[in-house]
Structures are given as C-alpha cells and as structure tokens.
>>> print(open('upload18.txt').read())   # compact mmCIF, C-alpha atoms
# COMPACT_ATOMS: atom_id res chain seq x y z
CA MET O 11 135.66 -0.70 166.17
CA GLU O 12 134.18 2.74 166.46
CA SER O 13 135.16 5.73 168.49
CA SER O 14 133.12 8.68 169.56
CA ALA O 15 136.26 10.81 169.32
CA LYS O 16 135.96 14.54 168.86
CA LEU O 17 136.75 15.61 165.30
CA TYR O 18 137.36 19.22 164.29
CA VAL O 19 137.19 21.29 161.13
CA PHE O 20 139.20 24.49 161.25
CA ASN O 21 138.96 27.31 158.69
CA TYR O 22 141.79 29.28 157.15
CA SER O 23 140.67 32.33 159.15
CA GLU O 24 141.50 30.56 162.45
CA ALA O 25 144.94 30.72 164.00
CA LYS O 26 144.50 27.10 165.18
CA THR O 27 144.66 25.99 161.54
CA TYR O 28 148.16 27.40 161.13
CA LEU O 29 149.29 26.34 164.59
CA TRP O 30 148.31 22.72 164.01
CA ALA O 31 149.69 22.71 160.47
CA THR O 32 153.00 23.95 161.92
CA VAL O 33 152.96 21.15 164.51
CA PHE O 34 152.40 18.57 161.76
CA VAL O 35 155.13 20.04 159.58
CA ALA O 36 157.51 19.87 162.57
CA CYS O 37 156.53 16.23 163.14
CA ASN O 38 157.13 15.60 159.46
CA LEU O 39 160.65 16.99 159.79
CA VAL O 40 161.52 14.72 162.72
CA LEU O 41 159.72 11.43 161.96
CA PRO O 42 161.33 10.79 158.56
CA GLN O 43 164.77 11.21 160.12
CA LEU O 44 163.93 8.53 162.66
CA PHE O 45 162.42 6.15 160.12
CA HIS O 46 165.35 6.59 157.74
CA LEU O 47 167.55 5.00 160.41
CA ILE O 48 165.85 1.74 159.38
CA PRO O 49 167.04 0.41 156.00
CA GLN O 50 164.40 1.52 153.46
CA GLY O 51 162.38 2.87 156.41
CA GLY O 52 161.00 5.80 154.44
CA PHE O 53 159.66 3.53 151.70
CA ILE O 54 158.30 0.95 154.11
CA PHE O 55 156.63 3.19 156.70
CA ALA O 56 155.81 6.45 154.84
CA PRO O 57 155.98 8.58 158.01
CA LEU O 58 154.77 11.75 156.27
CA SER O 59 151.56 9.98 155.33
CA LEU O 60 150.81 8.93 158.91
CA VAL O 61 151.01 12.51 160.18
CA ILE O 62 148.99 13.93 157.27
CA LEU O 63 146.31 11.23 157.58
CA ALA O 64 145.90 11.56 161.34
CA GLY O 65 146.00 15.35 161.25
CA SER O 66 143.52 15.66 158.39
CA TYR O 67 141.12 13.16 159.89
CA LYS O 68 141.23 14.71 163.36
CA LEU O 69 141.49 18.43 162.50
CA GLY O 70 140.10 18.79 158.99
CA TRP O 71 141.26 18.96 155.41
CA ARG O 72 142.55 22.54 155.60
CA VAL O 73 145.08 21.73 158.31
CA GLY O 74 146.05 18.57 156.46
CA LEU O 75 146.33 20.35 153.13
CA LEU O 76 148.70 22.98 154.51
CA ALA O 77 150.90 20.33 156.08
CA ALA O 78 150.72 18.14 152.95
CA VAL O 79 152.11 20.93 150.79
CA VAL O 80 154.64 22.44 153.20
CA SER O 81 156.07 19.23 154.72
CA PRO O 82 157.65 17.69 151.61
CA LEU O 83 158.83 21.08 150.34
CA LEU O 84 160.52 21.98 153.61
CA ASN O 85 161.96 18.48 153.96
CA HIS O 86 163.41 18.76 150.46
CA VAL O 87 164.95 22.17 151.13
CA LEU O 88 166.43 21.16 154.51
CA THR O 89 167.43 17.54 153.89
CA GLY O 90 167.24 16.91 150.15
CA MET O 91 164.54 14.29 150.80
CA PRO O 92 162.37 13.58 149.03
CA ALA O 93 164.51 13.83 145.94
CA TRP O 94 163.45 16.45 143.39
CA GLY O 95 162.18 13.81 140.95
CA VAL O 96 159.88 12.32 143.57
CA LEU O 97 158.69 15.57 145.14
CA SER O 98 155.72 16.20 142.82
CA VAL O 99 154.44 12.64 143.19
CA MET O 100 154.79 12.74 146.98
CA MET O 101 153.00 16.08 147.18
CA LEU O 102 150.19 14.78 144.99
CA LYS O 103 149.74 11.69 147.16
CA LEU O 104 149.83 13.69 150.41
CA VAL O 105 147.35 16.28 149.11
CA LEU O 106 144.96 13.53 148.02
CA LEU O 107 145.35 11.82 151.40
CA ALA O 108 144.65 15.07 153.27
CA LEU O 109 141.57 15.89 151.21
CA ILE O 110 140.09 12.38 151.29
CA ALA O 111 140.72 12.00 155.04
CA GLY O 112 139.39 15.43 155.94
CA PHE O 113 136.24 15.16 153.84
CA THR O 114 135.56 11.60 155.01
CA ALA O 115 135.82 12.60 158.68
CA GLN O 116 133.71 15.69 158.08
CA HIS O 117 131.02 13.68 156.28
CA PHE O 118 130.80 10.63 158.56
CA LYS O 119 131.71 12.41 161.84
CA LYS O 120 133.11 9.24 163.37
CA VAL O 121 136.32 7.24 163.58
CA THR O 122 136.16 3.61 162.51
CA LEU O 123 138.79 1.22 161.24
CA PRO O 124 136.82 0.50 158.03
CA LEU O 125 136.54 4.22 157.26
CA ILE O 126 140.26 4.75 157.78
CA VAL O 127 141.07 1.70 155.64
CA ALA O 128 138.80 3.13 152.92
CA VAL O 129 140.54 6.51 153.12
CA VAL O 130 144.00 4.94 152.86
CA MET O 131 142.99 2.67 149.97
CA ALA O 132 141.24 5.47 148.06
CA ALA O 133 144.23 7.75 148.49
CA GLU O 134 146.63 4.98 147.44
CA LEU O 135 144.61 4.11 144.36
CA LEU O 136 144.09 7.71 143.23
CA GLY O 137 147.67 8.60 144.14
CA GLY O 138 148.88 5.57 142.22
CA LEU O 139 146.95 6.65 139.15
CA GLY O 140 148.43 10.13 139.52
CA GLU O 141 151.91 8.67 139.92
CA LEU O 142 151.41 6.54 136.83
CA ALA O 143 150.30 9.61 134.86
CA LEU O 144 153.26 11.69 136.08
CA THR O 145 155.99 9.07 135.76
CA GLY O 146 154.68 6.53 133.27
CA GLY O 147 156.03 3.71 135.45
CA ILE O 148 154.04 1.33 137.58
CA ALA O 149 156.91 -0.11 139.67
CA ALA O 150 156.91 2.66 142.29
CA THR O 151 153.13 2.50 142.61
CA LEU O 152 153.21 -1.25 143.20
CA GLN O 153 156.01 -0.75 145.72
CA ASP O 154 153.54 1.11 147.96
CA PHE O 155 151.69 -2.20 148.38
CA THR O 156 154.53 -4.73 148.22
CA LEU O 157 157.26 -3.02 150.23
CA GLY O 158 155.07 -0.42 151.94
CA TRP O 159 152.32 -2.59 153.43
CA PRO O 160 153.68 -2.14 156.99
CA GLY O 161 153.38 1.61 156.51
CA LEU O 162 149.82 1.30 155.29
CA LEU O 163 149.00 -0.78 158.35
CA LEU O 164 150.76 1.79 160.57
CA GLN O 165 148.72 4.57 158.97
CA VAL O 166 145.42 2.80 159.65
CA VAL O 167 146.14 1.69 163.22
CA GLY O 168 148.10 4.82 164.13
CA THR O 169 145.39 7.15 162.85
CA TYR O 170 142.68 5.23 164.65
CA LEU O 171 144.60 5.37 167.96
CA ILE O 172 145.56 9.03 167.54
CA CYS O 173 142.01 10.08 166.71
CA LYS O 174 140.57 8.00 169.52
CA TYR O 175 142.98 8.86 172.33
CA ILE O 176 144.41 12.30 171.54
>>> encode(input="upload18.txt", output="structure tokens")
Amino acid sequence: MESSAKLYVFNYSEAKTYLWATVFVACNLVLPQLFHLIPQGGFIFAPLSLVILAGSYKLGWRVGLLAAVVSPLLNHVLTGMPAWGVLSVMMLKLVLLALIAGFTAQHFKKVTLPLIVAVVMAAELLGGLGELALTGGIAATLQDFTLGWPGLLLQVVGTYLICKYI
C-alpha cells in the first residue's frame, strides 16, 4: 500500500516546528494516561512512540526530535512516568525513532507500509542495542517484542493512516 500523502520538513527557524512539537507533546501527555487505564497498557502500546513516529514521518525529524526529548521529560516531571531509571532509555529510543522516521520520509518522499515497518524495526533494533548498553539487561528489550507487539502494530498502522488521511 502506498500513499501520495503530503510530507513536510520544517526547520528550527519556523514557528510551525515549535507549534507542531507542542501539539505532539500535549498528545504525549494525554495518550499515556488513557493507555495506562489498561493493565500494562504503557508497555503493550507504547503511546509516546506512536505520536513521535507519526509526527516525525509526517512533519520531519526536527519536529519529532523536539517532541521526543520534551515529551518524556515533561511526563516524568508531571506524572512521575516514565520512572527515573527508565527515562534515559525511553528518550534514546524516542530520539532514534524520530530521526529514523524523519530521515526515511525525507529520503523516500512517500508513505508505504513496508517503509514504516522498516522504520519501526530499525528503531527497535538500534534502541534495543542502546538499551542493552545502558542497562546491561536484555529482558526489557525483548519485552518490546513479546509484550509490546500490539504497540508495534499500532505504530505501523496508526502512522500509515495518520500520514495518509491527516
């Protein structure tokens, strides 16, 4: 499936960059609260990743990078989630996701399911290696695939639909 959706790349000198990053940060404050109503919903669905992936793919890596850094920090300050010990790993994974998604969209200039799957898998693999280097444990990395597969699927399908229809 391919979409001729309009993709954007905003620069740091544009107000739209900060406006959209603020919108994504706001979404990343609300969505986790909703998903945490489901037992282990945050682990299973990774709502921050969906917003960062869709935003970075649609509006460029700069918007995604801002939201990837600010979202977990602000969530931690306001809600205590993610926990301090997980914050650096989550930020690393979100930053990688934002950069990979933004650069992929910018390079290929199209939205396809295989491209989005490749972005998610590349970010998961690189993020997993980073998590392994930071924590020394592989259990949490494997949990992204065993417990978190519905979230990975949501990221792929959700990003495709958002980029195609919004």
>>> closest_residue(input="upload18.txt", among="O:Ala93, O:Ala133, O:Ala31, O:Cys173", to="Ala77 in chain O", atoms="only C-alpha atoms")
O:Ala31
>>> residues_near_point(input="upload18.txt", point="(151.7, 5.6, 165.0)", cutoff="12 Å", atoms="all atoms listed in the file", output="PyMOL selection string")
chain O and resi 37+41+45+55-65+160-173+175-176
>>> atom_distance(input="upload18.txt", atom1="CA of Ala149 in chain O", atom2="CA of Phe53 in chain O")
12.9 Å
>>> atom_distance(input="upload18.txt", atom1="CA of His46 in chain O", atom2="CA of Leu125 in chain O")
28.9 Å
>>> residues_around(input="upload18.txt", residues="Leu109 in chain O", least_positions_apart="2", cutoff="8 Å", atoms="only C-alpha atoms", output="number ranges by chain")
O: 66, 71, 74-75, 105-107, 111-113
>>> write_last_selection(input="upload18.txt", atoms="C-alpha atoms", output="PDB file, in the coordinates of the input")
ATOM      1  CA  SER O  66     143.520  15.660 158.390  1.00  0.00           C
ATOM      2  CA  TRP O  71     141.260  18.960 155.410  1.00  0.00           C
ATOM      3  CA  GLY O  74     146.050  18.570 156.460  1.00  0.00           C
ATOM      4  CA  LEU O  75     146.330  20.350 153.130  1.00  0.00           C
ATOM      5  CA  VAL O 105     147.350  16.280 149.110  1.00  0.00           C
ATOM      6  CA  LEU O 106     144.960  13.530 148.020  1.00  0.00           C
ATOM      7  CA  LEU O 107     145.350  11.820 151.400  1.00  0.00           C
ATOM      8  CA  ALA O 111     140.720  12.000 155.040  1.00  0.00           C
ATOM      9  CA  GLY O 112     139.390  15.430 155.940  1.00  0.00           C
ATOM     10  CA  PHE O 113     136.240  15.160 153.840  1.00  0.00           C
TER      11      PHE O 113
END
>>> atom_distance(input="upload18.txt", atom1="CA of Leu102 in chain O", atom2="CA of Gly140 in chain O")
7.4 Å
>>> residues_around(input="upload18.txt", residues="Leu136 in chain O", least_positions_apart="5", cutoff="9 Å", atoms="all atoms listed in the file", output="PyMOL selection string")
chain O and resi 103+106+131+141
>>> closest_residue(input="upload18.txt", among="O:Leu144, O:Leu69, O:Gln43, O:Ala128", to="Val99 in chain O", atoms="all atoms listed in the file")
O:Leu144
>>> residues_around(input="upload18.txt", residues="range 21-29 of chain O", least_positions_apart="4", cutoff="7 Å", atoms="all atoms listed in the file", output="PDB file with C-alpha atoms, in the coordinates of the input")
ATOM      1  CA  VAL O  33     152.960  21.150 164.510  1.00  0.00           C
ATOM      2  CA  ARG O  72     142.550  22.540 155.600  1.00  0.00           C
ATOM      3  CA  VAL O  73     145.080  21.730 158.310  1.00  0.00           C
TER       4      VAL O  73
END
>>> closest_residue(input="upload18.txt", among="O:Gly51, O:Leu142, O:Met91, O:Ala108", to="Trp159 in chain O", atoms="only C-alpha atoms")
O:Gly51
>>> closest_residue(input="upload18.txt", among="O:Val35, O:Val40, O:Asp154, O:Val129", to="Ala78 in chain O", atoms="only C-alpha atoms")
O:Val35
